>>> print(open('target.pdb').read())   # PDB, C-alpha atoms and all ligand atoms
ATOM      1  CA  MET A   1      33.306 -19.047  -9.947  1.00  0.00           C
ATOM      2  CA  ALA A   2      33.674 -16.632 -12.833  1.00  0.00           C
ATOM      3  CA  SER A   3      33.776 -12.931 -11.994  1.00  0.00           C
ATOM      4  CA  GLY A   4      30.348 -11.507 -11.218  1.00  0.00           C
ATOM      5  CA  GLU A   5      28.877 -14.965 -10.671  1.00  0.00           C
ATOM      6  CA  LEU A   6      26.376 -15.334  -7.841  1.00  0.00           C
ATOM      7  CA  SER A   7      23.597 -17.704  -6.796  1.00  0.00           C
ATOM      8  CA  ARG A   8      20.095 -17.367  -8.156  1.00  0.00           C
ATOM      9  CA  GLU A   9      18.825 -16.648  -4.611  1.00  0.00           C
ATOM     10  CA  GLU A  10      21.403 -13.895  -4.067  1.00  0.00           C
ATOM     11  CA  ALA A  11      20.483 -12.378  -7.427  1.00  0.00           C
ATOM     12  CA  LEU A  12      16.763 -12.409  -6.655  1.00  0.00           C
ATOM     13  CA  GLU A  13      17.420 -10.628  -3.347  1.00  0.00           C
ATOM     14  CA  CYS A  14      19.170  -7.767  -5.140  1.00  0.00           C
ATOM     15  CA  VAL A  15      17.065  -4.659  -4.581  1.00  0.00           C
ATOM     16  CA  GLY A  16      16.480  -2.641  -7.744  1.00  0.00           C
ATOM     17  CA  CYS A  17      18.138  -5.207 -10.018  1.00  0.00           C
ATOM     18  CA  ARG A  18      16.695  -6.020 -13.414  1.00  0.00           C
ATOM     19  CA  HIS A  19      16.731  -9.661 -14.471  1.00  0.00           C
ATOM     20  CA  ALA A  20      17.287 -11.316 -17.831  1.00  0.00           C
ATOM     21  CA  CYS A  21      17.120 -15.039 -18.652  1.00  0.00           C
ATOM     22  CA  HIS A  22      18.646 -16.674 -21.719  1.00  0.00           C
ATOM     23  CA  ILE A  23      19.017 -20.274 -22.825  1.00  0.00           C
ATOM     24  CA  MET A  24      21.327 -22.402 -24.946  1.00  0.00           C
ATOM     25  CA  LEU A  25      19.366 -24.991 -26.927  1.00  0.00           C
ATOM     26  CA  TYR A  26      21.536 -27.788 -28.299  1.00  0.00           C
ATOM     27  CA  ALA A  27      21.425 -31.245 -29.825  1.00  0.00           C
ATOM     28  CA  ASP A  28      23.678 -34.004 -31.078  1.00  0.00           C
ATOM     29  CA  THR A  29      23.932 -34.444 -34.842  1.00  0.00           C
ATOM     30  CA  GLU A  30      25.409 -36.926 -37.299  1.00  0.00           C
ATOM     31  CA  GLU A  31      25.749 -34.191 -39.956  1.00  0.00           C
ATOM     32  CA  LYS A  32      29.070 -33.893 -41.721  1.00  0.00           C
ATOM     33  CA  LEU A  33      30.337 -30.665 -43.271  1.00  0.00           C
ATOM     34  CA  PHE A  34      31.194 -31.343 -46.957  1.00  0.00           C
ATOM     35  CA  GLY A  35      30.585 -35.018 -46.131  1.00  0.00           C
ATOM     36  CA  LYS A  36      33.786 -34.997 -44.125  1.00  0.00           C
ATOM     37  CA  THR A  37      34.055 -32.893 -40.972  1.00  0.00           C
ATOM     38  CA  PRO A  38      31.684 -34.052 -38.195  1.00  0.00           C
ATOM     39  CA  VAL A  39      29.462 -31.186 -37.064  1.00  0.00           C
ATOM     40  CA  ARG A  40      28.894 -33.155 -33.809  1.00  0.00           C
ATOM     41  CA  HIS A  41      26.430 -30.757 -32.146  1.00  0.00           C
ATOM     42  CA  VAL A  42      23.900 -28.116 -33.046  1.00  0.00           C
ATOM     43  CA  VAL A  43      24.166 -25.077 -30.734  1.00  0.00           C
ATOM     44  CA  LEU A  44      21.626 -22.298 -31.291  1.00  0.00           C
ATOM     45  CA  MET A  45      22.340 -18.590 -30.912  1.00  0.00           C
ATOM     46  CA  GLN A  46      20.674 -15.605 -32.548  1.00  0.00           C
ATOM     47  CA  MET A  47      21.617 -12.536 -34.538  1.00  0.00           C
ATOM     48  CA  ARG A  48      20.045  -9.723 -32.549  1.00  0.00           C
ATOM     49  CA  PHE A  49      18.508  -6.500 -33.868  1.00  0.00           C
ATOM     50  CA  ASP A  50      21.676  -4.642 -32.795  1.00  0.00           C
ATOM     51  CA  GLY A  51      23.965  -6.867 -34.857  1.00  0.00           C
ATOM     52  CA  LEU A  52      25.353  -8.692 -31.838  1.00  0.00           C
ATOM     53  CA  LEU A  53      25.170 -12.431 -31.247  1.00  0.00           C
ATOM     54  CA  GLY A  54      23.356 -13.665 -28.152  1.00  0.00           C
ATOM     55  CA  PHE A  55      21.108 -16.393 -26.839  1.00  0.00           C
ATOM     56  CA  PRO A  56      17.318 -16.427 -27.094  1.00  0.00           C
ATOM     57  CA  GLY A  57      15.590 -15.037 -23.997  1.00  0.00           C
ATOM     58  CA  GLY A  58      15.142 -11.627 -22.445  1.00  0.00           C
ATOM     59  CA  LEU A  59      14.068  -9.419 -19.585  1.00  0.00           C
ATOM     60  CA  VAL A  60      11.991 -11.053 -16.869  1.00  0.00           C
ATOM     61  CA  ASP A  61      10.065  -9.289 -14.092  1.00  0.00           C
ATOM     62  CA  PRO A  62      10.259 -11.539 -11.002  1.00  0.00           C
ATOM     63  CA  SER A  63       7.486  -9.513  -9.333  1.00  0.00           C
ATOM     64  CA  VAL A  64       4.972 -10.850 -11.865  1.00  0.00           C
ATOM     65  CA  GLU A  65       6.502 -14.111 -13.174  1.00  0.00           C
ATOM     66  CA  THR A  66       9.070 -16.707 -12.149  1.00  0.00           C
ATOM     67  CA  LEU A  67      12.392 -16.665 -14.003  1.00  0.00           C
ATOM     68  CA  GLU A  68      11.328 -19.798 -15.865  1.00  0.00           C
ATOM     69  CA  GLU A  69       7.884 -18.419 -16.780  1.00  0.00           C
ATOM     70  CA  GLY A  70       9.503 -15.245 -18.064  1.00  0.00           C
ATOM     71  CA  LEU A  71      12.069 -17.167 -20.093  1.00  0.00           C
ATOM     72  CA  SER A  72       9.353 -19.403 -21.565  1.00  0.00           C
ATOM     73  CA  ARG A  73       7.407 -16.258 -22.550  1.00  0.00           C
ATOM     74  CA  GLU A  74      10.496 -14.757 -24.227  1.00  0.00           C
ATOM     75  CA  LEU A  75      11.089 -18.012 -26.115  1.00  0.00           C
ATOM     76  CA  TRP A  76       7.519 -17.915 -27.391  1.00  0.00           C
ATOM     77  CA  GLU A  77       8.075 -14.335 -28.620  1.00  0.00           C
ATOM     78  CA  GLU A  78      11.520 -14.930 -30.136  1.00  0.00           C
ATOM     79  CA  LEU A  79      11.247 -18.536 -31.321  1.00  0.00           C
ATOM     80  CA  GLY A  80       7.507 -19.022 -31.845  1.00  0.00           C
ATOM     81  CA  PHE A  81       7.955 -22.282 -30.003  1.00  0.00           C
ATOM     82  CA  THR A  82       6.389 -23.484 -26.729  1.00  0.00           C
ATOM     83  CA  LEU A  83       9.145 -24.637 -24.430  1.00  0.00           C
ATOM     84  CA  SER A  84       8.414 -24.974 -20.706  1.00  0.00           C
ATOM     85  CA  VAL A  85      11.690 -24.079 -19.050  1.00  0.00           C
ATOM     86  CA  THR A  86      12.126 -25.582 -15.552  1.00  0.00           C
ATOM     87  CA  PRO A  87      14.634 -25.002 -12.723  1.00  0.00           C
ATOM     88  CA  LYS A  88      16.332 -28.224 -13.947  1.00  0.00           C
ATOM     89  CA  ASP A  89      17.519 -26.268 -16.997  1.00  0.00           C
ATOM     90  CA  TYR A  90      19.164 -23.589 -14.854  1.00  0.00           C
ATOM     91  CA  LEU A  91      22.970 -23.194 -14.939  1.00  0.00           C
ATOM     92  CA  THR A  92      24.314 -19.918 -13.503  1.00  0.00           C
ATOM     93  CA  SER A  93      23.592 -16.304 -12.620  1.00  0.00           C
ATOM     94  CA  CYS A  94      25.851 -13.319 -13.109  1.00  0.00           C
ATOM     95  CA  LEU A  95      25.697  -9.710 -11.972  1.00  0.00           C
ATOM     96  CA  THR A  96      26.627  -6.960 -14.428  1.00  0.00           C
ATOM     97  CA  PRO A  97      27.507  -3.990 -12.208  1.00  0.00           C
ATOM     98  CA  SER A  98      28.400  -1.724 -15.143  1.00  0.00           C
ATOM     99  CA  SER A  99      24.773  -1.272 -16.178  1.00  0.00           C
ATOM    100  CA  THR A 100      22.381   1.037 -14.291  1.00  0.00           C
ATOM    101  CA  PRO A 101      20.200  -0.293 -12.858  1.00  0.00           C
ATOM    102  CA  GLN A 102      22.255  -3.414 -12.282  1.00  0.00           C
ATOM    103  CA  LEU A 103      21.401  -6.372 -14.473  1.00  0.00           C
ATOM    104  CA  ALA A 104      21.356  -9.964 -13.233  1.00  0.00           C
ATOM    105  CA  THR A 105      21.629 -12.456 -16.091  1.00  0.00           C
ATOM    106  CA  HIS A 106      20.434 -16.016 -15.561  1.00  0.00           C
ATOM    107  CA  PHE A 107      21.597 -18.712 -17.941  1.00  0.00           C
ATOM    108  CA  TYR A 108      19.866 -21.961 -18.841  1.00  0.00           C
ATOM    109  CA  ALA A 109      20.539 -24.845 -21.220  1.00  0.00           C
ATOM    110  CA  ARG A 110      18.334 -27.568 -22.682  1.00  0.00           C
ATOM    111  CA  LYS A 111      19.366 -30.570 -24.738  1.00  0.00           C
ATOM    112  CA  MET A 112      16.872 -31.397 -27.486  1.00  0.00           C
ATOM    113  CA  ASP A 113      16.589 -33.849 -30.366  1.00  0.00           C
ATOM    114  CA  GLU A 114      17.995 -32.647 -33.667  1.00  0.00           C
ATOM    115  CA  GLN A 115      14.444 -32.843 -35.061  1.00  0.00           C
ATOM    116  CA  GLU A 116      13.123 -30.531 -32.303  1.00  0.00           C
ATOM    117  CA  ILE A 117      15.919 -28.037 -32.981  1.00  0.00           C
ATOM    118  CA  ARG A 118      14.873 -27.998 -36.646  1.00  0.00           C
ATOM    119  CA  GLU A 119      11.301 -27.243 -35.551  1.00  0.00           C
ATOM    120  CA  VAL A 120      12.573 -24.381 -33.378  1.00  0.00           C
ATOM    121  CA  GLU A 121      14.528 -22.970 -36.327  1.00  0.00           C
ATOM    122  CA  ARG A 122      11.521 -23.283 -38.631  1.00  0.00           C
ATOM    123  CA  ALA A 123       9.167 -21.560 -36.155  1.00  0.00           C
ATOM    124  CA  ALA A 124      11.735 -18.836 -35.381  1.00  0.00           C
ATOM    125  CA  ALA A 125      11.954 -17.951 -39.078  1.00  0.00           C
ATOM    126  CA  THR A 126       8.212 -18.051 -39.766  1.00  0.00           C
ATOM    127  CA  THR A 127       5.676 -17.636 -36.939  1.00  0.00           C
ATOM    128  CA  ALA A 128       7.779 -15.997 -34.187  1.00  0.00           C
ATOM    129  CA  THR A 129       6.356 -12.533 -33.447  1.00  0.00           C
ATOM    130  CA  ASP A 130       9.831 -11.008 -32.921  1.00  0.00           C
ATOM    131  CA  HIS A 131      11.293 -12.310 -36.196  1.00  0.00           C
ATOM    132  CA  GLY A 132      12.647  -9.559 -38.416  1.00  0.00           C
ATOM    133  CA  HIS A 133      12.847  -6.860 -35.750  1.00  0.00           C
ATOM    134  CA  GLU A 134      14.055  -7.939 -32.276  1.00  0.00           C
ATOM    135  CA  VAL A 135      15.585 -11.080 -33.752  1.00  0.00           C
ATOM    136  CA  MET A 136      17.155 -11.130 -37.215  1.00  0.00           C
ATOM    137  CA  GLY A 137      17.577 -14.906 -37.259  1.00  0.00           C
ATOM    138  CA  MET A 138      18.811 -17.965 -35.456  1.00  0.00           C
ATOM    139  CA  VAL A 139      22.340 -19.199 -36.135  1.00  0.00           C
ATOM    140  CA  ARG A 140      24.170 -22.447 -35.394  1.00  0.00           C
ATOM    141  CA  ALA A 141      27.596 -22.070 -33.827  1.00  0.00           C
ATOM    142  CA  PRO A 142      30.222 -24.112 -35.715  1.00  0.00           C
ATOM    143  CA  LEU A 143      32.198 -26.179 -33.189  1.00  0.00           C
ATOM    144  CA  TYR A 144      34.926 -27.564 -35.454  1.00  0.00           C
ATOM    145  CA  THR A 145      38.148 -25.781 -36.332  1.00  0.00           C
ATOM    146  CA  LEU A 146      39.218 -25.841 -39.979  1.00  0.00           C
ATOM    147  CA  LYS A 147      42.693 -25.131 -41.282  1.00  0.00           C
ATOM    148  CA  GLY A 148      43.382 -21.412 -40.961  1.00  0.00           C
ATOM    149  CA  GLY A 149      40.815 -20.792 -38.218  1.00  0.00           C
ATOM    150  CA  GLY A 150      37.468 -21.338 -39.947  1.00  0.00           C
ATOM    151  CA  GLY A 151      34.678 -22.614 -37.701  1.00  0.00           C
ATOM    152  CA  LEU A 152      34.699 -21.972 -33.965  1.00  0.00           C
ATOM    153  CA  PRO A 153      37.623 -19.491 -33.969  1.00  0.00           C
ATOM    154  CA  TYR A 154      35.996 -17.210 -36.554  1.00  0.00           C
ATOM    155  CA  PHE A 155      32.654 -17.578 -34.806  1.00  0.00           C
ATOM    156  CA  LEU A 156      34.150 -16.522 -31.462  1.00  0.00           C
ATOM    157  CA  SER A 157      35.736 -13.453 -33.050  1.00  0.00           C
ATOM    158  CA  HIS A 158      32.296 -11.933 -33.793  1.00  0.00           C
ATOM    159  CA  SER A 159      30.830  -9.439 -31.310  1.00  0.00           C
ATOM    160  CA  PHE A 160      28.576 -10.807 -28.574  1.00  0.00           C
ATOM    161  CA  ILE A 161      26.047  -9.117 -26.258  1.00  0.00           C
ATOM    162  CA  GLY A 162      26.912  -8.887 -22.551  1.00  0.00           C
ATOM    163  CA  ASN A 163      28.669 -11.973 -21.266  1.00  0.00           C
ATOM    164  CA  SER A 164      27.026 -14.332 -23.769  1.00  0.00           C
ATOM    165  CA  ARG A 165      30.379 -15.308 -25.246  1.00  0.00           C
ATOM    166  CA  SER A 166      31.611 -16.602 -21.901  1.00  0.00           C
ATOM    167  CA  GLN A 167      28.232 -18.261 -21.304  1.00  0.00           C
ATOM    168  CA  LEU A 168      28.769 -20.080 -24.614  1.00  0.00           C
ATOM    169  CA  GLU A 169      32.355 -21.057 -23.819  1.00  0.00           C
ATOM    170  CA  ASP A 170      31.441 -22.341 -20.326  1.00  0.00           C
ATOM    171  CA  ALA A 171      28.487 -24.366 -21.587  1.00  0.00           C
ATOM    172  CA  LEU A 172      30.443 -25.911 -24.488  1.00  0.00           C
ATOM    173  CA  VAL A 173      33.024 -27.281 -22.062  1.00  0.00           C
ATOM    174  CA  ARG A 174      30.526 -28.110 -19.287  1.00  0.00           C
ATOM    175  CA  PHE A 175      28.452 -30.355 -21.599  1.00  0.00           C
ATOM    176  CA  GLY A 176      31.504 -31.803 -23.363  1.00  0.00           C
ATOM    177  CA  LEU A 177      30.540 -30.302 -26.737  1.00  0.00           C
ATOM    178  CA  VAL A 178      34.168 -29.242 -27.190  1.00  0.00           C
ATOM    179  CA  THR A 179      37.178 -30.191 -25.052  1.00  0.00           C
ATOM    180  CA  PRO A 180      38.931 -27.533 -22.956  1.00  0.00           C
ATOM    181  CA  GLU A 181      41.940 -27.914 -25.310  1.00  0.00           C
ATOM    182  CA  GLU A 182      39.809 -27.360 -28.413  1.00  0.00           C
ATOM    183  CA  LEU A 183      38.321 -24.235 -26.825  1.00  0.00           C
ATOM    184  CA  ARG A 184      41.737 -22.912 -25.788  1.00  0.00           C
ATOM    185  CA  GLU A 185      43.115 -23.397 -29.310  1.00  0.00           C
ATOM    186  CA  ALA A 186      40.026 -21.779 -30.838  1.00  0.00           C
ATOM    187  CA  LEU A 187      40.374 -18.770 -28.516  1.00  0.00           C
ATOM    188  CA  THR A 188      44.028 -18.388 -29.441  1.00  0.00           C
ATOM    189  CA  LEU A 189      43.161 -18.378 -33.151  1.00  0.00           C
ATOM    190  CA  ALA A 190      40.240 -15.990 -32.526  1.00  0.00           C
ATOM    191  CA  GLU A 191      42.586 -13.624 -30.697  1.00  0.00           C
ATOM    192  CA  GLN A 192      45.053 -13.667 -33.629  1.00  0.00           C
ATOM    193  CA  ARG A 193      42.214 -12.840 -35.996  1.00  0.00           C
ATOM    194  CA  ARG A 194      41.320  -9.736 -33.954  1.00  0.00           C
ATOM    195  CA  LEU A 195      44.814  -8.275 -34.318  1.00  0.00           C
TER     196      LEU A 195
HETATM  197  P1  LIG A 201      12.951  -6.392 -25.206  1.00  0.00           P
HETATM  198  O1  LIG A 201      11.756  -7.284 -25.314  1.00  0.00           O
HETATM  199  O2  LIG A 201      13.169  -5.509 -26.385  1.00  0.00           O
HETATM  200  O3  LIG A 201      13.028  -5.673 -23.916  1.00  0.00           O
HETATM  201  O4  LIG A 201      14.268  -7.353 -25.229  1.00  0.00           O
HETATM  202  P2  LIG A 201      14.461  -8.701 -24.428  1.00  0.00           P
HETATM  203  O5  LIG A 201      13.476  -8.732 -23.297  1.00  0.00           O
HETATM  204  O6  LIG A 201      14.433  -9.829 -25.378  1.00  0.00           O
HETATM  205  O7  LIG A 201      15.911  -8.498 -23.796  1.00  0.00           O
HETATM  206  P3  LIG A 201      17.315  -9.002 -24.301  1.00  0.00           P
HETATM  207  O8  LIG A 201      17.270 -10.395 -24.822  1.00  0.00           O
HETATM  208  O9  LIG A 201      17.892  -7.973 -25.171  1.00  0.00           O
HETATM  209  O10 LIG A 201      18.115  -9.084 -22.924  1.00  0.00           O
HETATM  210  C1  LIG A 201      18.119  -8.020 -21.993  1.00  0.00           C
HETATM  211  C2  LIG A 201      19.528  -7.625 -21.676  1.00  0.00           C
HETATM  212  O11 LIG A 201      20.256  -8.776 -21.284  1.00  0.00           O
HETATM  213  C3  LIG A 201      20.282  -7.058 -22.884  1.00  0.00           C
HETATM  214  O12 LIG A 201      20.173  -5.678 -22.945  1.00  0.00           O
HETATM  215  C4  LIG A 201      21.689  -7.491 -22.635  1.00  0.00           C
HETATM  216  O13 LIG A 201      22.358  -6.584 -21.806  1.00  0.00           O
HETATM  217  C5  LIG A 201      21.528  -8.788 -21.901  1.00  0.00           C
HETATM  218  N1  LIG A 201      21.597  -9.953 -22.802  1.00  0.00           N
HETATM  219  C6  LIG A 201      20.989 -10.151 -23.978  1.00  0.00           C
HETATM  220  N2  LIG A 201      21.276 -11.358 -24.485  1.00  0.00           N
HETATM  221  C7  LIG A 201      22.086 -11.938 -23.605  1.00  0.00           C
HETATM  222  C8  LIG A 201      22.732 -13.199 -23.560  1.00  0.00           C
HETATM  223  O14 LIG A 201      22.634 -14.046 -24.431  1.00  0.00           O
HETATM  224  N3  LIG A 201      23.484 -13.433 -22.473  1.00  0.00           N
HETATM  225  C9  LIG A 201      23.627 -12.500 -21.481  1.00  0.00           C
HETATM  226  N4  LIG A 201      24.383 -12.813 -20.447  1.00  0.00           N
HETATM  227  N5  LIG A 201      23.053 -11.318 -21.501  1.00  0.00           N
HETATM  228  C10 LIG A 201      22.297 -11.045 -22.536  1.00  0.00           C
HETATM  229 MN    MN A 202      24.032 -31.017 -44.675  1.00  0.00          MN
HETATM  230 MN    MN A 203      12.632 -10.595 -26.359  1.00  0.00          MN
HETATM  231 MN    MN A 204      15.883 -11.208 -26.229  1.00  0.00          MN
HETATM  232 MN    MN A 205      11.256  -8.728 -23.610  1.00  0.00          MN
HETATM  233 MN    MN A 206      10.236  -7.678 -26.776  1.00  0.00          MN
END
>>> encode(input="target.pdb", output="structure tokens", more="lines below")
Ligand code: GTP
Ligand code: MN
Ligand code: MN
Ligand code: MN
Ligand code: MN
Ligand code: MN
Amino acid sequence: MASGELSREEALECVGCRHACHIMLYADTEEKLFGKTPVRHVVLMQMRFDGLLGFPGGLVDPSVETLEEGLSRELWEELGFTLSVTPKDYLTSCLTPSSTPQLATHFYARKMDEQEIREVERAAATTATDHGHEVMGMVRAPLYTLKGGGGLPYFLSHSFIGNSRSQLEDALVRFGLVTPEELREALTLAEQRRL
């Protein structure tokens, strides 16, 4: 277990905790960059209002909605897309003790068709109520590594909200979207870029 990780039940028992749910939407793709480099997968993140990268989702109040209902509501606000999240989409929960009150973050993932992902992107940029203020736009994470560190290494060297970067890294390996070796190499290059 990663540091701060706890079960969903433990998190929901936390007295005075706030809760936030976010989701990684992804798909397989046959796209090739410059007709050459396989893109392999579409992984959606968003540019937030504060300039940080994160996943779609947000604060949920378990006293009035389930985690999944709250996440579905946030996705409607941020993506303009109806997506009924279920407990099957749930991955992990994590406690962030540094924030007051404490924040429990719950992470989900859903595999979609490439066509559905395109519909999400279209809705997020047009009809989503939060577009242009809470959410500045959806972005696809590049998963390939080009000569010199372009692609995943540069992407990982941006600034991310909370623990969303480790949520991304864990999910990429968990679903086999990149190999552990590819991730390790990308992180090494990202680290060099920060220096
Ligand atoms: P408001 O509607 O303005 O309240 O925002 P929101 O409900 O959409 O909340 P937001 O998505 O900003 O998430 C709430 C809190 O969870 C943030 O203040 C961050 O601390 C944290 N957070 C935001 N995005 C992510 C993410 O992708 N992963 C994780 N682990 N935490 C996140
Ligand atoms: Mn193309
Ligand atoms: Mn929101
Ligand atoms: Mn949000
Ligand atoms: Mn909200
Ligand atoms: Mn809001």
>>> resolve_selection(input="target.pdb", expression="the PyMOL selection byres (((not hetatm)) within 8 of (chain A and resi 202))", output="PyMOL selection string")
chain A and resi 31-35
>>> resolve_selection(input="target.pdb", expression="the PyMOL selection byres (((not hetatm)) within 7 of (chain A and resi 203))", output="list in words")
Gly57, Gly58, Glu74, Glu77, Glu78 and Glu134 of chain A
>>> residues_around(input="target.pdb", residues="segment 65-71 of chain A", least_positions_apart="3", cutoff="7 Å", atoms="only C-alpha atoms", output="short mmCIF file (atom, residue, chain, number, x, y, z; two decimals) with C-alpha atoms, in the frame of the given file")
data_model
loop_
_atom_site.label_atom_id
_atom_site.label_comp_id
_atom_site.auth_asym_id
_atom_site.auth_seq_id
_atom_site.Cartn_x
_atom_site.Cartn_y
_atom_site.Cartn_z
CA CYS A 21 17.12 -15.04 -18.65
CA HIS A 22 18.65 -16.67 -21.72
CA GLY A 57 15.59 -15.04 -24.00
CA GLY A 58 15.14 -11.63 -22.44
CA VAL A 60 11.99 -11.05 -16.87
CA ASP A 61 10.06 -9.29 -14.09
CA PRO A 62 10.26 -11.54 -11.00
CA GLU A 74 10.50 -14.76 -24.23
CA LEU A 75 11.09 -18.01 -26.12
CA VAL A 85 11.69 -24.08 -19.05
CA THR A 86 12.13 -25.58 -15.55
CA PRO A 87 14.63 -25.00 -12.72
#
>>> residues_around(input="target.pdb", residues="Leu25 of chain A", least_positions_apart="2", cutoff="9 Å", atoms="only C-alpha atoms", output="list in words")
Ile23, Ala27, Val42, Val43, Leu44, Met45, Phe55, Pro56, Tyr108, Ala109, Arg110, Lys111, Met112 and Ile117 of chain A
>>> resolve_selection(input="target.pdb", expression="the PyMOL selection byres (((chain A and resi 161) around 9) and not hetatm)", output="PyMOL selection string")
chain A and resi 48+52-55+159-160+162-165
>>> closest_residue(input="target.pdb", among="A:Tyr154, A:Phe107, A:Tyr90, A:Phe81", to="ligand LIG 201 (chain A)", atoms="all atoms listed in the file")
A:Phe107
>>> closest_residue(input="target.pdb", among="A:Glu185, A:Glu5, A:Trp76, A:Pro142", to="Thr96 of chain A", atoms="all atoms listed in the file")
A:Glu5
>>> closest_residue(input="target.pdb", among="A:Glu119, A:Glu13, A:Asp28, A:Asp50", to="Val135 of chain A", atoms="all atoms listed in the file")
A:Asp50
>>> axis_aligned_box(input="target.pdb", around="ligand LIG 201 (chain A)", padding_each_side="6 Å", output="AutoDock Vina command-line options")
--center_x 18.1 --center_y -9.8 --center_z -23.4 --size_x 24.6 --size_y 20.5 --size_z 17.9
>>> build_atoms(input="target.pdb", residues="segment 170-186 of chain A", atoms="N, CA and C atoms", output="compact mmCIF listing (two decimals), in the coordinates of the input")
# COMPACT_ATOMS: atom_id res chain seq x y z
N ASP A 170 31.63 -21.51 -21.52
CA ASP A 170 31.44 -22.34 -20.33
C ASP A 170 30.54 -23.54 -20.62
N ALA A 171 29.44 -23.29 -21.33
CA ALA A 171 28.49 -24.37 -21.59
C ALA A 171 29.08 -25.41 -22.54
N LEU A 172 29.85 -24.96 -23.54
CA LEU A 172 30.44 -25.91 -24.49
C LEU A 172 31.34 -26.91 -23.76
N VAL A 173 32.12 -26.40 -22.80
CA VAL A 173 33.02 -27.28 -22.06
C VAL A 173 32.25 -28.10 -21.03
N ARG A 174 31.31 -27.44 -20.32
CA ARG A 174 30.53 -28.11 -19.29
C ARG A 174 29.81 -29.35 -19.83
N PHE A 175 29.22 -29.24 -21.03
CA PHE A 175 28.45 -30.36 -21.60
C PHE A 175 29.31 -31.23 -22.51
N GLY A 176 30.61 -30.96 -22.57
CA GLY A 176 31.50 -31.80 -23.36
C GLY A 176 31.29 -31.65 -24.86
N LEU A 177 30.78 -30.50 -25.31
CA LEU A 177 30.54 -30.30 -26.74
C LEU A 177 31.85 -29.98 -27.46
N VAL A 178 32.77 -29.36 -26.75
CA VAL A 178 34.17 -29.24 -27.19
C VAL A 178 35.04 -29.54 -25.97
N THR A 179 36.28 -29.96 -26.18
CA THR A 179 37.18 -30.19 -25.05
C THR A 179 37.80 -28.85 -24.63
N PRO A 180 38.28 -28.76 -23.39
CA PRO A 180 38.93 -27.53 -22.96
C PRO A 180 40.09 -27.16 -23.87
N GLU A 181 40.81 -28.18 -24.41
CA GLU A 181 41.94 -27.91 -25.31
C GLU A 181 41.45 -27.30 -26.62
N GLU A 182 40.37 -27.89 -27.16
CA GLU A 182 39.81 -27.36 -28.41
C GLU A 182 39.39 -25.90 -28.23
N LEU A 183 38.77 -25.61 -27.08
CA LEU A 183 38.32 -24.24 -26.82
C LEU A 183 39.52 -23.31 -26.72
N ARG A 184 40.55 -23.77 -25.98
CA ARG A 184 41.74 -22.91 -25.79
C ARG A 184 42.38 -22.59 -27.14
N GLU A 185 42.52 -23.62 -27.99
CA GLU A 185 43.12 -23.40 -29.31
C GLU A 185 42.26 -22.46 -30.15
N ALA A 186 40.93 -22.64 -30.06
CA ALA A 186 40.03 -21.78 -30.84
C ALA A 186 40.15 -20.33 -30.37
